[in-house]
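Pasting input_25.tsv here (TSV, C-alpha atoms):
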```
chain	number	residue	atom	x	y	z
A	1	MET	CA	-16.88	12.07	-50.77
A	2	LYS	CA	-13.90	9.90	-50.05
A	3	ARG	CA	-11.02	10.91	-52.29
A	4	LEU	CA	-9.59	8.41	-54.72
A	5	LEU	CA	-6.54	6.54	-53.46
A	6	PRO	CA	-3.78	4.67	-55.31
A	7	ILE	CA	-4.63	1.57	-53.33
A	8	LEU	CA	-7.05	-1.30	-53.51
A	9	LEU	CA	-8.53	-2.30	-50.19
A	10	THR	CA	-10.40	-5.56	-49.66
A	11	LEU	CA	-11.53	-6.99	-46.37
A	12	LEU	CA	-11.63	-10.74	-46.83
A	13	CYS	CA	-13.21	-13.75	-45.15
A	14	PHE	CA	-11.57	-17.17	-45.00
A	15	VAL	CA	-12.54	-18.02	-48.57
A	16	GLY	CA	-10.87	-14.84	-49.76
A	17	CYS	CA	-7.69	-15.75	-47.91
A	18	VAL	CA	-7.52	-19.12	-49.63
A	19	LYS	CA	-8.08	-17.53	-53.02
A	20	HIS	CA	-5.34	-14.98	-52.39
A	21	SER	CA	-2.81	-17.68	-51.48
A	22	ALA	CA	-3.09	-19.06	-55.01
A	23	GLU	CA	-2.88	-15.65	-56.69
A	24	GLN	CA	-0.74	-15.78	-59.81
A	25	GLY	CA	2.62	-14.13	-59.46
A	26	SER	CA	2.38	-13.79	-55.67
A	27	VAL	CA	5.54	-14.26	-53.64
A	28	PRO	CA	5.05	-14.36	-49.85
A	29	VAL	CA	7.98	-12.77	-48.04
A	30	GLY	CA	8.12	-14.67	-44.79
A	31	ASN	CA	8.83	-13.13	-41.41
A	32	LYS	CA	11.60	-14.34	-39.18
A	33	TYR	CA	9.92	-13.55	-35.87
A	34	ALA	CA	6.66	-11.58	-36.16
A	35	THR	CA	3.38	-13.48	-36.34
A	36	GLY	CA	0.93	-10.58	-36.63
A	37	PHE	CA	1.32	-9.79	-40.33
A	38	GLN	CA	2.31	-11.15	-43.72
A	39	ILE	CA	3.68	-9.37	-46.77
A	40	THR	CA	3.32	-10.72	-50.29
A	41	GLU	CA	4.86	-9.21	-53.40
A	42	THR	CA	2.59	-9.62	-56.44
A	43	ASP	CA	2.58	-8.50	-60.06
A	44	THR	CA	0.25	-5.64	-59.17
A	45	GLY	CA	1.77	-4.41	-55.91
A	46	VAL	CA	2.68	-5.35	-52.36
A	47	VAL	CA	-0.07	-7.02	-50.35
A	48	VAL	CA	-0.04	-6.38	-46.61
A	49	GLU	CA	-2.12	-8.68	-44.43
A	50	VAL	CA	-2.56	-7.82	-40.76
A	51	PHE	CA	-4.19	-10.23	-38.34
A	52	GLN	CA	-6.45	-9.65	-35.30
A	53	PRO	CA	-8.58	-8.32	-36.83
A	54	TYR	CA	-7.83	-9.54	-40.33
A	55	GLN	CA	-7.21	-6.84	-42.93
A	56	ARG	CA	-5.73	-6.98	-46.42
A	57	LEU	CA	-4.33	-4.04	-48.33
A	58	CYS	CA	-2.81	-4.07	-51.82
A	59	VAL	CA	-0.40	-1.16	-52.09
A	60	LYS	CA	0.14	-0.23	-55.74
A	61	GLU	CA	1.86	3.06	-54.95
A	62	PRO	CA	3.28	4.42	-51.67
A	63	LEU	CA	0.69	5.86	-49.31
A	64	ARG	CA	1.51	9.55	-49.07
A	65	ARG	CA	-0.69	10.66	-46.17
A	66	LEU	CA	-0.63	8.51	-43.05
A	67	GLY	CA	-2.11	9.25	-39.67
A	68	THR	CA	-0.77	7.65	-36.48
A	69	MET	CA	-2.50	6.82	-33.21
A	70	SER	CA	0.66	5.62	-31.45
A	71	THR	CA	4.07	7.22	-30.95
A	72	VAL	CA	5.67	3.86	-31.76
A	73	GLN	CA	4.36	4.23	-35.31
A	74	VAL	CA	6.14	7.57	-35.64
A	75	GLY	CA	9.36	5.86	-34.58
A	76	PHE	CA	9.06	3.34	-37.41
A	77	LEU	CA	8.48	6.07	-40.00
A	78	TYR	CA	11.42	8.07	-38.69
A	79	ALA	CA	13.73	5.05	-38.92
A	80	LEU	CA	12.75	4.68	-42.59
A	81	ASP	CA	13.31	8.38	-43.33
A	82	ALA	CA	9.62	8.43	-44.26
A	83	MET	CA	8.43	11.34	-42.14
A	84	ASP	CA	7.16	13.08	-45.28
A	85	HIS	CA	4.41	10.41	-45.29
A	86	LEU	CA	3.20	11.54	-41.86
A	87	ALA	CA	0.19	13.84	-42.20
A	88	ALA	CA	-1.59	13.55	-38.84
A	89	VAL	CA	-0.82	12.40	-35.30
A	90	CYS	CA	-2.50	11.78	-31.99
A	91	ASN	CA	-1.06	13.25	-28.78
A	92	PRO	CA	1.73	15.26	-30.45
A	93	GLU	CA	3.05	16.29	-27.03
A	94	LEU	CA	4.02	12.64	-26.43
A	95	ILE	CA	6.08	12.33	-29.62
A	96	TYR	CA	9.83	12.41	-29.03
A	97	THR	CA	10.85	12.01	-32.66
A	98	PRO	CA	11.39	15.31	-34.53
A	99	VAL	CA	8.41	15.92	-36.83
A	100	LYS	CA	7.85	18.37	-39.67
A	101	GLY	CA	5.50	20.46	-37.57
A	102	ASP	CA	2.66	20.70	-40.07
A	103	GLU	CA	0.95	17.46	-39.05
A	104	ILE	CA	-2.71	17.73	-38.13
A	105	ASP	CA	-3.34	17.14	-34.43
A	106	LEU	CA	-6.02	14.44	-34.18
A	107	GLY	CA	-6.35	14.84	-30.43
A	108	ASP	CA	-6.23	12.07	-27.87
A	109	SER	CA	-5.44	8.59	-29.21
A	110	MET	CA	-8.29	7.17	-27.12
A	111	LYS	CA	-10.79	9.24	-29.13
A	112	PRO	CA	-9.39	10.96	-32.22
A	113	SER	CA	-11.29	13.95	-33.55
A	114	ALA	CA	-13.56	12.86	-36.39
A	115	GLU	CA	-13.55	16.34	-37.90
A	116	ARG	CA	-9.76	16.62	-37.94
A	117	THR	CA	-9.34	13.08	-39.22
A	118	LEU	CA	-11.52	13.90	-42.22
A	119	GLN	CA	-9.72	17.21	-42.68
A	120	ALA	CA	-6.38	15.38	-42.89
A	121	GLY	CA	-7.39	13.57	-46.10
A	122	LEU	CA	-5.57	10.43	-45.05
A	123	ASP	CA	-4.73	7.45	-47.21
A	124	ALA	CA	-4.80	5.41	-44.01
A	125	LEU	CA	-5.06	5.89	-40.26
A	126	LEU	CA	-2.73	3.52	-38.42
A	127	ALA	CA	-4.77	2.36	-35.45
A	128	VAL	CA	-4.08	0.41	-32.27
A	129	ASN	CA	-5.95	-2.58	-30.95
A	130	TYR	CA	-5.40	-2.65	-27.20
A	131	GLY	CA	-9.00	-3.61	-26.44
A	132	GLN	CA	-12.66	-3.37	-27.33
A	133	TYR	CA	-12.72	0.40	-26.87
A	134	ASP	CA	-10.02	0.86	-29.50
A	135	ASN	CA	-11.96	-1.36	-31.90
A	136	LEU	CA	-15.04	0.83	-31.48
A	137	GLU	CA	-13.03	4.01	-32.09
A	138	ALA	CA	-11.43	2.59	-35.23
A	139	ALA	CA	-14.84	1.44	-36.48
A	140	ARG	CA	-16.26	4.91	-35.83
A	141	ILE	CA	-13.47	6.52	-37.87
A	142	GLU	CA	-13.81	3.98	-40.67
A	143	LYS	CA	-17.54	4.72	-41.00
A	144	LEU	CA	-16.52	8.25	-41.97
A	145	GLY	CA	-14.72	6.85	-45.01
A	146	VAL	CA	-11.19	6.77	-43.56
A	147	PHE	CA	-9.45	3.43	-43.91
A	148	THR	CA	-7.88	2.26	-40.65
A	149	MET	CA	-5.18	-0.40	-40.39
A	150	TYR	CA	-4.30	-1.99	-37.08
A	151	ILE	CA	-0.63	-1.95	-36.16
A	152	ASN	CA	-0.27	-4.60	-33.47
A	153	GLU	CA	3.47	-4.77	-32.89
A	154	TRP	CA	2.76	-4.64	-29.13
A	155	GLN	CA	1.14	-8.08	-29.31
A	156	GLU	CA	4.42	-9.69	-30.35
A	157	GLY	CA	6.21	-11.42	-27.50
A	158	THR	CA	9.85	-10.85	-28.39
A	159	PRO	CA	11.87	-7.69	-29.06
A	160	LEU	CA	12.91	-8.79	-32.55
A	161	ALA	CA	9.33	-9.69	-33.47
A	162	ARG	CA	8.22	-6.19	-32.50
A	163	ALA	CA	11.04	-4.60	-34.46
A	164	GLU	CA	10.17	-6.64	-37.56
A	165	TRP	CA	6.97	-4.59	-37.96
A	166	ILE	CA	9.15	-2.02	-39.67
A	167	ARG	CA	8.51	-4.16	-42.77
A	168	VAL	CA	4.82	-3.18	-42.68
A	169	PHE	CA	5.78	0.49	-42.67
A	170	GLY	CA	8.25	-0.16	-45.49
A	171	ALA	CA	5.49	-1.78	-47.55
A	172	LEU	CA	3.08	1.11	-46.95
A	173	THR	CA	5.62	3.79	-47.88
A	174	GLY	CA	7.34	2.05	-50.78
A	175	LYS	CA	10.46	1.40	-48.72
A	176	LEU	CA	10.33	-2.34	-48.13
A	177	PRO	CA	13.98	-2.95	-49.20
A	178	GLN	CA	15.14	-0.26	-46.77
A	179	ALA	CA	12.99	-1.76	-44.02
A	180	ASP	CA	14.49	-5.20	-44.60
A	181	SER	CA	17.99	-3.74	-44.54
A	182	ILE	CA	17.36	-1.91	-41.25
A	183	PHE	CA	15.81	-4.93	-39.60
A	184	ASN	CA	18.56	-7.29	-40.75
A	185	ALA	CA	21.18	-4.97	-39.22
A	186	VAL	CA	19.20	-4.80	-35.97
A	187	GLU	CA	18.88	-8.58	-35.89
A	188	ARG	CA	22.60	-9.17	-36.48
A	189	LYS	CA	23.60	-6.81	-33.69
A	190	TYR	CA	21.00	-8.21	-31.29
A	191	ILE	CA	22.07	-11.81	-31.88
A	192	SER	CA	25.73	-10.86	-31.56
A	193	LEU	CA	25.14	-9.14	-28.23
A	194	SER	CA	23.12	-12.06	-26.87
A	195	ALA	CA	25.76	-14.54	-28.00
A	196	SER	CA	28.42	-12.55	-26.16
A	197	VAL	CA	26.78	-13.36	-22.82
A	198	SER	CA	25.35	-16.80	-23.57
A	199	GLU	CA	28.35	-18.61	-22.10
A	200	ARG	CA	27.85	-17.05	-18.67
A	201	SER	CA	27.06	-19.73	-16.09
A	202	VAL	CA	23.90	-19.65	-13.97
A	203	SER	CA	25.97	-19.07	-10.84
A	204	GLU	CA	27.44	-15.93	-12.42
A	205	ALA	CA	24.11	-14.49	-13.52
A	206	VAL	CA	23.05	-11.18	-12.01
A	207	SER	CA	19.49	-11.25	-10.67
A	208	ILE	CA	17.07	-8.60	-11.94
A	209	MET	CA	13.73	-7.13	-10.90
A	210	SER	CA	11.31	-4.83	-12.73
A	211	GLY	CA	8.26	-2.67	-12.12
A	212	ASN	CA	6.88	-0.66	-9.21
A	213	ASN	CA	4.39	-0.96	-6.39
A	214	PHE	CA	1.06	0.49	-7.59
A	215	ARG	CA	-1.76	0.66	-5.05
A	216	GLY	CA	-0.61	-2.49	-3.34
A	217	THR	CA	0.12	-4.50	-6.50
A	218	TRP	CA	3.49	-4.98	-8.18
A	219	TYR	CA	3.24	-5.82	-11.88
A	220	VAL	CA	6.17	-7.75	-13.33
A	221	PRO	CA	6.83	-9.13	-16.84
A	222	SER	CA	5.75	-12.69	-17.53
A	223	GLY	CA	7.99	-15.08	-19.44
A	224	LYS	CA	6.15	-14.18	-22.65
A	225	ASN	CA	6.77	-10.46	-22.24
A	226	TYR	CA	9.39	-8.78	-24.42
A	227	LEU	CA	11.17	-7.41	-21.33
A	228	ALA	CA	11.62	-10.94	-19.99
A	229	TYR	CA	13.18	-11.89	-23.33
A	230	LEU	CA	15.54	-8.92	-23.00
A	231	PHE	CA	16.53	-10.05	-19.50
A	232	LYS	CA	17.12	-13.61	-20.70
A	233	ASP	CA	19.08	-12.58	-23.78
A	234	ALA	CA	21.22	-10.35	-21.55
A	235	GLY	CA	22.04	-13.31	-19.31
A	236	ALA	CA	20.14	-12.11	-16.24
A	237	ASP	CA	18.60	-14.32	-13.57
A	238	TYR	CA	14.83	-13.74	-13.49
A	239	PRO	CA	12.30	-15.99	-11.73
A	240	PHE	CA	9.44	-15.88	-14.25
A	241	TYR	CA	11.05	-17.05	-17.49
A	242	GLU	CA	8.85	-20.16	-17.50
A	243	ASP	CA	5.59	-18.30	-16.80
A	244	GLU	CA	3.31	-18.64	-19.86
A	245	ARG	CA	0.91	-15.80	-19.11
A	246	ALA	CA	0.59	-13.28	-21.93
A	247	THR	CA	-0.04	-10.33	-19.61
A	248	SER	CA	1.94	-8.84	-16.74
A	249	ILE	CA	1.95	-10.78	-13.48
A	250	PRO	CA	0.29	-9.04	-10.51
A	251	LEU	CA	2.10	-9.66	-7.22
A	252	THR	CA	1.36	-8.66	-3.66
A	253	ILE	CA	4.15	-6.87	-1.83
A	254	GLU	CA	4.76	-10.09	0.13
A	255	GLU	CA	5.17	-12.07	-3.09
A	256	THR	CA	7.37	-9.37	-4.56
A	257	LEU	CA	9.67	-9.48	-1.54
A	258	HIS	CA	9.81	-13.26	-1.79
A	259	TYR	CA	10.99	-13.17	-5.39
A	260	PHE	CA	13.00	-9.95	-5.54
A	261	HIS	CA	14.14	-8.92	-2.06
A	262	ASP	CA	17.73	-9.90	-2.88
A	263	ALA	CA	17.71	-9.01	-6.60
A	264	ASP	CA	20.98	-7.36	-7.65
A	265	VAL	CA	19.51	-4.72	-9.98
A	266	TRP	CA	16.16	-3.03	-10.53
A	267	VAL	CA	15.17	-1.72	-13.97
A	268	GLY	CA	12.09	0.19	-15.05
A	269	ALA	CA	11.61	2.04	-11.78
A	270	GLY	CA	8.99	4.78	-11.85
A	271	GLY	CA	10.88	7.57	-10.12
A	272	ASN	CA	13.66	9.89	-11.20
A	273	SER	CA	15.80	9.50	-8.07
A	274	LEU	CA	16.16	7.18	-5.10
A	275	SER	CA	14.65	9.78	-2.79
A	276	GLU	CA	11.65	10.18	-5.10
A	277	LEU	CA	11.10	6.43	-5.08
A	278	ALA	CA	11.15	6.46	-1.30
A	279	GLN	CA	8.62	9.29	-1.22
A	280	MET	CA	6.38	7.44	-3.65
A	281	ASP	CA	6.31	4.36	-1.45
A	282	GLU	CA	8.52	3.40	1.50
A	283	LYS	CA	8.31	-0.23	0.39
A	284	HIS	CA	10.57	0.63	-2.54
A	285	THR	CA	13.42	0.98	-0.05
A	286	TRP	CA	13.09	-2.58	1.23
A	287	PHE	CA	14.95	-4.17	-1.68
A	288	LYS	CA	18.66	-4.93	-1.93
A	289	ALA	CA	18.90	-3.22	-5.33
A	290	TYR	CA	17.64	0.01	-3.78
A	291	LYS	CA	19.98	-0.23	-0.80
A	292	ASP	CA	22.93	-0.92	-3.12
A	293	GLY	CA	21.99	1.96	-5.44
A	294	ARG	CA	21.55	-0.22	-8.51
A	295	VAL	CA	18.20	1.17	-9.69
A	296	TYR	CA	17.42	2.37	-13.24
A	297	ASN	CA	14.46	3.84	-15.10
A	298	TRP	CA	13.88	4.03	-18.87
A	299	ARG	CA	13.84	7.85	-19.04
A	300	LYS	CA	17.23	8.93	-20.36
A	301	GLN	CA	15.64	10.16	-23.59
A	302	ARG	CA	12.52	11.72	-22.10
A	303	LEU	CA	11.14	15.23	-22.57
A	304	PRO	CA	9.34	17.32	-19.91
A	305	SER	CA	6.09	16.73	-21.83
A	306	GLY	CA	6.38	13.00	-21.12
A	307	ALA	CA	7.55	12.01	-24.61
A	308	ASN	CA	9.98	9.12	-24.30
A	309	ASN	CA	12.19	7.75	-27.05
A	310	PHE	CA	12.19	4.39	-25.27
A	311	TRP	CA	8.77	3.79	-26.86
A	312	GLU	CA	9.81	5.01	-30.34
A	313	ARG	CA	13.43	4.23	-31.14
A	314	GLY	CA	13.53	1.52	-28.47
A	315	VAL	CA	10.93	-0.63	-30.25
A	316	VAL	CA	12.68	-0.21	-33.60
A	317	HIS	CA	16.14	-0.81	-32.10
A	318	PRO	CA	15.85	-3.54	-29.44
A	319	GLU	CA	19.58	-4.17	-29.81
A	320	GLU	CA	20.12	-0.86	-28.01
A	321	MET	CA	17.68	-1.88	-25.28
A	322	LEU	CA	19.52	-5.19	-24.92
A	323	GLU	CA	22.84	-3.40	-24.76
A	324	ASP	CA	21.46	-1.26	-21.93
A	325	VAL	CA	20.45	-4.31	-19.89
A	326	ILE	CA	23.85	-5.95	-20.47
A	327	HIS	CA	25.64	-2.79	-19.39
A	328	ILE	CA	23.42	-2.46	-16.30
A	329	LEU	CA	24.13	-6.04	-15.27
A	330	ASN	CA	27.85	-5.41	-15.62
A	331	ASN	CA	27.91	-2.04	-13.84
A	332	ALA	CA	29.12	-0.28	-16.98
A	333	PRO	CA	29.49	3.52	-16.90
A	334	ASP	CA	26.23	5.47	-17.14
A	335	SER	CA	27.51	7.11	-20.33
A	336	THR	CA	27.18	3.76	-22.17
A	337	LEU	CA	23.39	3.64	-21.71
A	338	HIS	CA	20.96	4.50	-24.52
A	339	PHE	CA	17.56	4.64	-22.79
A	340	ALA	CA	18.22	3.83	-19.13
A	341	THR	CA	19.13	6.28	-16.38
A	342	HIS	CA	20.95	5.29	-13.21
A	343	LEU	CA	19.10	6.71	-10.21
A	344	TYR	CA	21.01	8.37	-7.37
```
Transcribe the structure of this file into structure tokens.
Amino acid sequence: MKRLLPILLTLLCFVGCVKHSAEQGSVPVGNKYATGFQITETDTGVVVEVFQPYQRLCVKEPLRRLGTMSTVQVGFLYALDAMDHLAAVCNPELIYTPVKGDEIDLGDSMKPSAERTLQAGLDALLAVNYGQYDNLEAARIEKLGVFTMYINEWQEGTPLARAEWIRVFGALTGKLPQADSIFNAVERKYISLSASVSERSVSEAVSIMSGNNFRGTWYVPSGKNYLAYLFKDAGADYPFYEDERATSIPLTIEETLHYFHDADVWVGAGGNSLSELAQMDEKHTWFKAYKDGRVYNWRKQRLPSGANNFWERGVVHPEEMLEDVIHILNNAPDSTLHFATHLY
């Protein structure tokens, strides 16, 4: 039997949404950037609404036992000093953030163990919604009596919009004021950094490339991708700022050479050294950035297990990611980088 929780959960249709908007004593707390959720403070608690799919949760008291299906979610909890709320995780070997060590291992995030999920006695399982398969897995878990809430920060197009999801975690753990304080500090620093390079003329801009050749296809960020926003806010020259596609852009090697053969720097490379990149694919050596030795990956804070703080702290602190790109464009010393590693 599902244990009693200090929360009231209601899945609503459109009529329910309209009724809620007129709820007495409700005060919507608007987002600055994120579009995937809304938080409303009411007389009875904090209401969290998450979209795609729509879910509504009234949190009367902090949720004490949370399960995570994504390492990004662990990063948000760590930033809030709310790791005591973490009771279960998927793929613990991929978590960079220090954890208590007594969390229940739910197994692979693509198919969490039903038995262990029930054993964890969760107030909520924080799910992901990358596609139809994830929806089916979340539905399977929910049929067991475990409430699942989708955390869709990855669907946001800009770095600050992704980081603003810390407010959802603040609402769930009773730390909304702390979440707002952290995000406001992140926003101020991010805007300040971007403003510091905004006066750079187009002729002075350093050109940038991203990605790797994978089985004949090179995937690069579209103009709606958060990495493209990082490049733009750092003052880099990038050819796909105006591309409206929501997904990565697949290029042939010929197209990639057309756009990036003379790019000054290359970020997000898949190897750990220039020689390894060459061994992976000789085509990697055809670019000016490779020949000039201006190639970087995002693995400075990476463990042998594959855990990478770029996906945890990086999402919460995009100002540090932006600072990395700015430093890379300006050939700053490697010691100034947070997440990026200069390949030699």
Given only C-alpha atoms as the counted atoms, nearest of A:Val197, A:Ile141, A:Val47, A:Val128 to Glu115 (chain A): A:Ile141
Selection: 6 Å around region 181-195 of chain A, all atoms listed in the file, excl. self and same-chain fewer than 5 positions, as a PDB file with C-alpha atoms, in the frame of the given file:
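New file around.pdb:
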```pdb
ATOM      1  CA  ASP A 233      19.080 -12.580 -23.780  1.00  0.00           C
ATOM      2  CA  ALA A 234      21.220 -10.350 -21.550  1.00  0.00           C
ATOM      3  CA  GLU A 319      19.580  -4.170 -29.810  1.00  0.00           C
TER       4      GLU A 319
END
```
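Atom to atom, CA of Phe231 (chain A) and CA of Ile208 (chain A) stand 7.7 Å apart.
Straight-line separation from CA of Lys300 (chain A) to CA of Ala340 (chain A): 5.3 Å.
Proximity ranking of A:Asn31, A:Thr341, A:Ser222, A:Gln38 relative to Leu274 (chain A) places A:Thr341 first, based on only C-alpha atoms.
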Residue contacts of Leu329 (chain A) (12 Å, all atoms listed in the file) excluding same-chain residues fewer than 2 positions away, as a VMD selection string: chain A and resid 197 204 to 209 230 to 237 263 to 267 289 294 to 296 322 to 327 331 to 334 337 342
Exercise: Ala179 (chain A) partners within 12 Å, all atoms listed in the file, chain neighbours under 2 positions left out, as a list of chain:residue names: A:Phe76, A:Leu77, A:Tyr78, A:Ala79, A:Leu80, A:Asp81, A:Ala82, A:Ala163, A:Glu164, A:Trp165, A:Ile166, A:Arg167, A:Val168, A:Phe169, A:Gly170, A:Ala171, A:Leu172, A:Thr173, A:Gly174, A:Lys175, A:Leu176, A:Pro177, A:Ser181, A:Ile182, A:Phe183, A:Asn184, A:Ala185, A:Val186, A:Val316
Edge lengths and centre in Å to one decimal, as JSON, of the axis-aligned box that encloses all listed atoms of region 256-267 of chain A with 3 Å added on every side?
```
{"center_x": 14.2, "center_y": -7.5, "center_z": -7.8, "size_x": 19.6, "size_y": 17.5, "size_z": 18.4}
```
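The space between CA of Tyr241 (chain A) and CA of Leu160 (chain A) spans 17.3 Å.
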Which residue of A:Leu57, A:Thr247, A:Ile39, A:Arg215 approaches Asp281 (chain A) most closely, using only C-alpha atoms: A:Arg215
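If you measure from each of A:His338, A:Tyr238, A:Leu303, A:Gln279 to Glu93 (chain A) using only C-alpha atoms, the closest one turns out to be A:Leu303.
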Option closest in space to Asn213 (chain A), from A:Thr252, A:Gln301, A:Ser196, A:Gln178 [counting all atoms listed in the file]: A:Thr252
